[in-house]
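> Contents of model_15.cif (mmCIF, C-alpha atoms and all ligand atoms; chains and numbers go by the auth columns):
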data_target
loop_
_atom_site.group_PDB
_atom_site.id
_atom_site.type_symbol
_atom_site.label_atom_id
_atom_site.label_comp_id
_atom_site.label_asym_id
_atom_site.label_seq_id
_atom_site.Cartn_x
_atom_site.Cartn_y
_atom_site.Cartn_z
_atom_site.B_iso_or_equiv
_atom_site.auth_seq_id
_atom_site.auth_asym_id
ATOM 1 C CA MET A 1 -46.963 -25.867 -11.196 0.00 1 K
ATOM 2 C CA ILE A 2 -45.203 -22.683 -10.321 0.00 2 K
ATOM 3 C CA HIS A 3 -44.523 -21.617 -6.794 0.00 3 K
ATOM 4 C CA TYR A 4 -44.759 -17.930 -6.007 0.00 4 K
ATOM 5 C CA THR A 5 -44.191 -15.998 -2.901 0.00 5 K
ATOM 6 C CA LEU A 6 -47.093 -13.565 -2.827 0.00 6 K
ATOM 7 C CA VAL A 7 -47.420 -10.236 -1.084 0.00 7 K
ATOM 8 C CA CYS A 8 -50.640 -8.484 -0.256 0.00 8 K
ATOM 9 C CA SER A 9 -50.982 -4.740 -0.073 0.00 9 K
ATOM 10 C CA HIS A 10 -50.401 -4.993 3.674 0.00 10 K
ATOM 11 C CA ALA A 11 -47.068 -6.655 3.089 0.00 11 K
ATOM 12 C CA HIS A 12 -48.151 -10.074 4.291 0.00 12 K
ATOM 13 C CA GLU A 13 -46.169 -12.720 2.531 0.00 13 K
ATOM 14 C CA PHE A 14 -47.580 -16.108 1.718 0.00 14 K
ATOM 15 C CA ASP A 15 -47.025 -18.955 -0.683 0.00 15 K
ATOM 16 C CA GLY A 16 -49.120 -19.854 -3.647 0.00 16 K
ATOM 17 C CA TRP A 17 -49.055 -22.563 -6.298 0.00 17 K
ATOM 18 C CA PHE A 18 -50.357 -21.866 -9.764 0.00 18 K
ATOM 19 C CA PRO A 19 -50.553 -23.850 -12.997 0.00 19 K
ATOM 20 C CA SER A 20 -48.521 -21.184 -14.755 0.00 20 K
ATOM 21 C CA SER A 21 -47.548 -17.569 -14.668 0.00 21 K
ATOM 22 C CA ALA A 22 -50.645 -16.737 -16.721 0.00 22 K
ATOM 23 C CA GLY A 23 -52.699 -18.871 -14.322 0.00 23 K
ATOM 24 C CA PHE A 24 -51.686 -16.648 -11.441 0.00 24 K
ATOM 25 C CA ASP A 25 -52.519 -13.500 -13.381 0.00 25 K
ATOM 26 C CA ALA A 26 -55.933 -14.880 -14.314 0.00 26 K
ATOM 27 C CA GLN A 27 -56.777 -15.972 -10.777 0.00 27 K
ATOM 28 C CA ALA A 28 -55.560 -12.711 -9.267 0.00 28 K
ATOM 29 C CA ALA A 29 -57.555 -10.713 -11.820 0.00 29 K
ATOM 30 C CA ARG A 30 -60.693 -12.589 -10.860 0.00 30 K
ATOM 31 C CA GLY A 31 -60.075 -11.985 -7.178 0.00 31 K
ATOM 32 C CA LEU A 32 -59.421 -15.636 -6.531 0.00 32 K
ATOM 33 C CA VAL A 33 -56.141 -15.039 -4.804 0.00 33 K
ATOM 34 C CA GLU A 34 -56.429 -13.560 -1.395 0.00 34 K
ATOM 35 C CA CYS A 35 -54.156 -12.995 1.553 0.00 35 K
ATOM 36 C CA PRO A 36 -54.697 -15.733 4.143 0.00 36 K
ATOM 37 C CA VAL A 37 -53.870 -13.222 6.868 0.00 37 K
ATOM 38 C CA CYS A 38 -56.121 -10.271 6.065 0.00 38 K
ATOM 39 C CA GLY A 39 -58.156 -11.450 3.099 0.00 39 K
ATOM 40 C CA ASP A 40 -56.770 -8.722 0.888 0.00 40 K
ATOM 41 C CA LYS A 41 -57.254 -9.534 -2.780 0.00 41 K
ATOM 42 C CA SER A 42 -54.703 -7.038 -3.937 0.00 42 K
ATOM 43 C CA VAL A 43 -51.976 -9.567 -4.212 0.00 43 K
ATOM 44 C CA SER A 44 -48.833 -9.391 -6.209 0.00 44 K
ATOM 45 C CA ARG A 45 -45.951 -11.675 -6.778 0.00 45 K
ATOM 46 C CA GLY A 46 -43.079 -11.127 -4.420 0.00 46 K
ATOM 47 C CA LEU A 47 -39.554 -11.538 -5.428 0.00 47 K
ATOM 48 C CA MET A 48 -38.606 -15.074 -6.219 0.00 48 K
ATOM 49 C CA ALA A 49 -36.223 -16.235 -3.590 0.00 49 K
ATOM 50 C CA PRO A 50 -32.967 -16.094 -5.466 0.00 50 K
ATOM 51 C CA ALA A 51 -30.725 -19.078 -5.273 0.00 51 K
ATOM 52 C CA ILE A 52 -27.798 -17.661 -3.394 0.00 52 K
ATOM 53 C CA PRO A 53 -24.882 -19.985 -2.985 0.00 53 K
ATOM 54 C CA ALA A 54 -23.418 -20.248 0.460 0.00 54 K
ATOM 55 C CA LYS A 55 -21.265 -17.254 1.071 0.00 55 K
ATOM 56 C CA SER A 56 -18.095 -19.250 1.122 0.00 56 K
ATOM 57 C CA ASN A 57 -18.942 -20.617 -2.304 0.00 57 K
ATOM 58 C CA ALA A 58 -20.034 -17.352 -3.819 0.00 58 K
ATOM 59 C CA ARG A 59 -16.654 -16.806 -5.314 0.00 59 K
ATOM 60 C CA PRO A 60 -13.335 -18.516 -5.020 0.00 60 K
ATOM 61 C CA ASP A 61 -11.230 -17.392 -2.156 0.00 61 K
ATOM 62 C CA PRO A 62 -8.903 -14.664 -3.240 0.00 62 K
ATOM 63 C CA VAL A 63 -5.605 -16.086 -4.231 0.00 63 K
ATOM 64 C CA ALA A 64 -3.105 -15.195 -1.618 0.00 64 K
ATOM 65 C CA VAL A 65 -0.446 -13.368 -3.505 0.00 65 K
ATOM 66 C CA PRO A 66 2.504 -13.001 -1.252 0.00 66 K
ATOM 67 C CA VAL A 67 3.518 -9.433 -0.874 0.00 67 K
ATOM 68 C CA CYS A 68 7.088 -8.841 -1.667 0.00 68 K
ATOM 69 C CA GLU A 69 8.817 -7.188 1.237 0.00 69 K
ATOM 70 C CA PRO A 70 11.744 -5.523 -0.454 0.00 70 K
ATOM 71 C CA ALA A 71 13.719 -5.234 2.743 0.00 71 K
ATOM 72 C CA GLU A 72 13.495 -8.952 3.438 0.00 72 K
ATOM 73 C CA THR A 73 12.968 -10.630 0.113 0.00 73 K
ATOM 74 C CA PRO A 74 14.481 -8.572 -2.628 0.00 74 K
ATOM 75 C CA ALA A 75 13.692 -9.630 -6.135 0.00 75 K
ATOM 76 C CA VAL A 76 16.846 -8.525 -7.733 0.00 76 K
ATOM 77 C CA VAL A 77 17.689 -8.050 -11.333 0.00 77 K
ATOM 78 C CA GLU A 78 21.120 -8.017 -12.770 0.00 78 K
ATOM 79 C CA PRO A 79 21.029 -5.292 -15.361 0.00 79 K
ATOM 80 C CA PRO A 80 23.012 -5.755 -18.528 0.00 80 K
ATOM 81 C CA ALA A 81 24.303 -2.245 -18.049 0.00 81 K
ATOM 82 C CA PRO A 82 24.432 -0.013 -14.997 0.00 82 K
ATOM 83 C CA ASN A 83 21.457 2.254 -14.586 0.00 83 K
ATOM 84 C CA VAL A 84 23.691 5.198 -13.963 0.00 84 K
ATOM 85 C CA ALA A 85 26.842 5.492 -15.952 0.00 85 K
ATOM 86 C CA MET A 86 29.750 7.118 -14.264 0.00 86 K
ATOM 87 C CA ALA A 87 32.441 8.677 -16.388 0.00 87 K
ATOM 88 C CA GLY A 88 35.566 10.584 -15.728 0.00 88 K
ATOM 89 C CA ALA A 89 36.026 9.006 -12.356 0.00 89 K
ATOM 90 C CA GLN A 90 36.767 5.639 -10.868 0.00 90 K
ATOM 91 C CA MET A 91 34.018 4.155 -8.779 0.00 91 K
ATOM 92 C CA PRO A 92 34.872 5.205 -5.259 0.00 92 K
ATOM 93 C CA ASP A 93 36.213 2.324 -3.181 0.00 93 K
ATOM 94 C CA GLN A 94 33.530 2.900 -0.605 0.00 94 K
ATOM 95 C CA LEU A 95 30.775 2.571 -3.192 0.00 95 K
ATOM 96 C CA ARG A 96 32.384 -0.477 -4.765 0.00 96 K
ATOM 97 C CA ALA A 97 32.691 -2.096 -1.351 0.00 97 K
ATOM 98 C CA ALA A 98 29.046 -1.339 -0.584 0.00 98 K
ATOM 99 C CA LEU A 99 27.936 -2.841 -3.888 0.00 99 K
ATOM 100 C CA GLN A 100 30.115 -5.895 -3.348 0.00 100 K
ATOM 101 C CA LYS A 101 28.525 -6.325 0.046 0.00 101 K
ATOM 102 C CA LEU A 102 25.085 -5.939 -1.530 0.00 102 K
ATOM 103 C CA ARG A 103 25.934 -8.572 -4.145 0.00 103 K
ATOM 104 C CA ALA A 104 27.181 -10.941 -1.476 0.00 104 K
ATOM 105 C CA GLU A 105 23.961 -10.457 0.499 0.00 105 K
ATOM 106 C CA VAL A 106 21.876 -11.125 -2.575 0.00 106 K
ATOM 107 C CA GLU A 107 23.816 -14.237 -3.484 0.00 107 K
ATOM 108 C CA ARG A 108 23.533 -15.545 0.046 0.00 108 K
ATOM 109 C CA ASN A 109 19.833 -14.845 0.488 0.00 109 K
ATOM 110 C CA CYS A 110 18.331 -15.178 -2.959 0.00 110 K
ATOM 111 C CA GLU A 111 17.980 -17.952 -5.478 0.00 111 K
ATOM 112 C CA ASP A 112 19.778 -17.433 -8.768 0.00 112 K
ATOM 113 C CA VAL A 113 17.273 -18.062 -11.577 0.00 113 K
ATOM 114 C CA GLY A 114 19.544 -16.654 -14.263 0.00 114 K
ATOM 115 C CA ASN A 115 17.898 -15.714 -17.535 0.00 115 K
ATOM 116 C CA ALA A 116 14.566 -17.066 -16.331 0.00 116 K
ATOM 117 C CA PHE A 117 14.223 -14.124 -13.958 0.00 117 K
ATOM 118 C CA ALA A 118 11.479 -12.270 -15.819 0.00 118 K
ATOM 119 C CA ASP A 119 9.315 -15.393 -16.224 0.00 119 K
ATOM 120 C CA GLU A 120 9.923 -16.569 -12.698 0.00 120 K
ATOM 121 C CA ALA A 121 9.265 -13.154 -11.143 0.00 121 K
ATOM 122 C CA ARG A 122 5.996 -12.994 -13.085 0.00 122 K
ATOM 123 C CA ARG A 123 4.920 -16.483 -12.012 0.00 123 K
ATOM 124 C CA MET A 124 5.804 -15.680 -8.414 0.00 124 K
ATOM 125 C CA HIS A 125 3.854 -12.435 -8.584 0.00 125 K
ATOM 126 C CA ARG A 126 0.795 -14.304 -9.905 0.00 126 K
ATOM 127 C CA GLY A 127 1.108 -16.897 -7.172 0.00 127 K
ATOM 128 C CA GLU A 128 1.895 -19.598 -9.725 0.00 128 K
ATOM 129 C CA SER A 129 5.148 -20.512 -8.098 0.00 129 K
ATOM 130 C CA ALA A 130 6.448 -20.389 -4.572 0.00 130 K
ATOM 131 C CA HIS A 131 7.191 -16.945 -3.305 0.00 131 K
ATOM 132 C CA ARG A 132 10.825 -16.468 -2.484 0.00 132 K
ATOM 133 C CA ALA A 133 13.680 -14.130 -3.055 0.00 133 K
ATOM 134 C CA ILE A 134 15.212 -14.557 -6.465 0.00 134 K
ATOM 135 C CA TYR A 135 17.697 -12.768 -8.636 0.00 135 K
ATOM 136 C CA GLY A 136 18.850 -13.087 -12.189 0.00 136 K
ATOM 137 C CA GLN A 137 19.464 -11.382 -15.467 0.00 137 K
ATOM 138 C CA THR A 138 16.892 -9.462 -17.422 0.00 138 K
ATOM 139 C CA THR A 139 16.882 -7.014 -20.236 0.00 139 K
ATOM 140 C CA GLU A 140 15.763 -3.454 -19.713 0.00 140 K
ATOM 141 C CA ALA A 141 12.685 -4.165 -21.808 0.00 141 K
ATOM 142 C CA GLN A 142 11.804 -7.143 -19.605 0.00 142 K
ATOM 143 C CA ALA A 143 12.373 -5.085 -16.467 0.00 143 K
ATOM 144 C CA GLU A 144 10.079 -2.367 -17.771 0.00 144 K
ATOM 145 C CA GLU A 145 7.390 -4.946 -18.587 0.00 145 K
ATOM 146 C CA LEU A 146 7.614 -6.377 -15.100 0.00 146 K
ATOM 147 C CA GLN A 147 7.333 -2.958 -13.525 0.00 147 K
ATOM 148 C CA ASP A 148 4.366 -2.137 -15.765 0.00 148 K
ATOM 149 C CA GLU A 149 2.710 -5.320 -14.517 0.00 149 K
ATOM 150 C CA GLY A 150 3.287 -4.264 -10.945 0.00 150 K
ATOM 151 C CA VAL A 151 5.865 -6.935 -10.242 0.00 151 K
ATOM 152 C CA PRO A 152 8.135 -5.512 -7.576 0.00 152 K
ATOM 153 C CA ILE A 153 11.713 -5.730 -8.721 0.00 153 K
ATOM 154 C CA THR A 154 14.848 -3.887 -7.856 0.00 154 K
ATOM 155 C CA MET A 155 17.632 -3.189 -10.272 0.00 155 K
ATOM 156 C CA ILE A 156 21.038 -3.179 -8.688 0.00 156 K
ATOM 157 C CA PRO A 157 24.458 -2.550 -10.119 0.00 157 K
ATOM 158 C CA TRP A 158 26.296 -5.856 -10.249 0.00 158 K
ATOM 159 C CA VAL A 159 29.927 -5.289 -9.453 0.00 159 K
ATOM 160 C CA ALA A 160 32.644 -7.898 -9.556 0.00 160 K
ATOM 161 C CA PRO A 161 32.894 -9.783 -6.286 0.00 161 K
ATOM 162 C CA ALA A 162 35.409 -8.551 -3.731 0.00 162 K
ATOM 163 C CA ASP A 163 37.625 -11.632 -3.831 0.00 163 K
ATOM 164 C CA GLY A 164 37.493 -12.611 -7.437 0.00 164 K
HETATM 165 ZN ZN ZN B . -52.566 -9.420 4.007 0.00 201 B
#
Just give me the structure of the file as C-alpha cells.


Amino acid sequence: MIHYTLVCSHAHEFDGWFPSSAGFDAQAARGLVECPVCGDKSVSRGLMAPAIPAKSNARPDPVAVPVCEPAETPAVVEPPAPNVAMAGAQMPDQLRAALQKLRAEVERNCEDVGNAFADEARRMHRGESAHRAIYGQTTEAQAEELQDEGVPITMIPWVAPADG
C-alpha cells in the first residue's frame, strides 16, 4: 500500500491509500477518487511529506573556529630573515629597543612551538587544537602557505634579547 496526500482542485487536502502508484492513477482516471470535502473528482497527488530531520540535526553545528584577535593573541612567526633589510645604517637604538620589547612580550604571552609553528597554526585555525597564542619558526614558503589558507599570522623581526 502506498499512502498519498491528495489535493482536489479546490485545494482540499486528504489522505488516500492505494495498492500502488499505478493503482492511484487507475482509480483517479475512473473517477473513483473523490474529495471527501467537496466531492471533487479532479484529484491529484500532493507533495509527499518530505522527511525533514529536526532542525538541530539538519547539519552539524558549525565548528566554532576561534577568531584570532591579533592585538590579544598574536600568532607570531620568527622569520629566518628580516622582511625588510636595512643596509648602510645601524638599526636605531629606539627601534631595536622596541623590537626587544616586542620579543619579550611575545615570549611572555605566547607558547613557543618552534619548528612546528606552521602545522600548529594550521591545526589551531581548523579548530583541531586548542586556540592560543603561539610563536615559532617558519620558512617564507610556509608563511605564504598559511596566509593563502587564511591563517592569521604576523611576521616580526626577531632581534637579540636586550640582556643577552
Ligand atoms: Zn475538495

> Would you list the residues that come within 7 Å of ligand ZN 201 (chain B)? Count only C-alpha atoms and all ligand atoms and give the answer as a list in words.

Cys8, Ser9, His10, Ala11, His12, Cys35, Pro36, Val37, Cys38, Gly39 and Asp40 of chain K

> Given the choices K:Ala130, K:Lys41, K:Ile2, K:Glu111, which gets closest to Phe24 (chain K) if the distance is worked out from only C-alpha atoms?

K:Ile2

> Using only C-alpha atoms, which of K:Val7, K:Gly136, K:Val151, K:Arg30 sits nearest Arg123 (chain K)?

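Closest candidate: K:Val151.
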
> Evaluate the PyMOL selection byres (((chain K and resi 96) around 10) and not hetatm) and record the selected residues as a PyMOL selection string, following the chain and residue labels used in the document.

chain K and resi 90-95+97-102+157-162

> For the atom pair CA of Arg122 (chain K) and CA of Leu146 (chain K), what is the interatomic distance in Å to one decimal place?

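CA of Leu146 (chain K) lies 7.1 Å from CA of Arg122 (chain K).
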
> Please indicate the distance in Å from CA of Ala116 (chain K) to CA of Thr139 (chain K), rounded to one decimal place.

11.0 Å

> Please, what distance in Å, to one decimal, runs between CA of Ala118 (chain K) and CA of Asp148 (chain K)?

12.4 Å

> As a check of understanding, name the residues that the PyMOL selection byres (((chain K and resi 45) around 8) and not hetatm) selects in the supplied structure, as an mmCIF file with C-alpha atoms, keeping the file's coordinate frame.


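As a result, selection-v2.cif now contains:
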data_model
loop_
_atom_site.group_PDB
_atom_site.id
_atom_site.type_symbol
_atom_site.label_atom_id
_atom_site.label_comp_id
_atom_site.auth_asym_id
_atom_site.auth_seq_id
_atom_site.Cartn_x
_atom_site.Cartn_y
_atom_site.Cartn_z
ATOM 1 C CA TYR K 4 -44.759 -17.930 -6.007
ATOM 2 C CA THR K 5 -44.191 -15.998 -2.901
ATOM 3 C CA LEU K 6 -47.093 -13.565 -2.827
ATOM 4 C CA VAL K 7 -47.420 -10.236 -1.084
ATOM 5 C CA VAL K 43 -51.976 -9.567 -4.212
ATOM 6 C CA SER K 44 -48.833 -9.391 -6.209
ATOM 7 C CA GLY K 46 -43.079 -11.127 -4.420
ATOM 8 C CA LEU K 47 -39.554 -11.538 -5.428
#

> Taking into account all atoms listed in the file, which residue in the set K:Glu34, K:Tyr135, K:Ala29, K:Glu149 is nearest to Phe14 (chain K)?

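Looking only at the distances to Phe14 (chain K), the closest residue turns out to be K:Glu34.
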
> Ranking K:Glu120, K:Ser20, K:Ile134, K:His125 by minimum distance to Arg108 (chain K) and counting only C-alpha atoms, which one comes first?

K:Ile134

> Quick one: 4 Å padding each side, axis-aligned, all listed atoms of region 38-45 of chain K - centre and edge lengths in Å to one decimal, as AutoDock Vina command-line options?


--center_x -52.1 --center_y -9.4 --center_z -0.4 --size_x 20.2 --size_y 12.6 --size_z 20.8
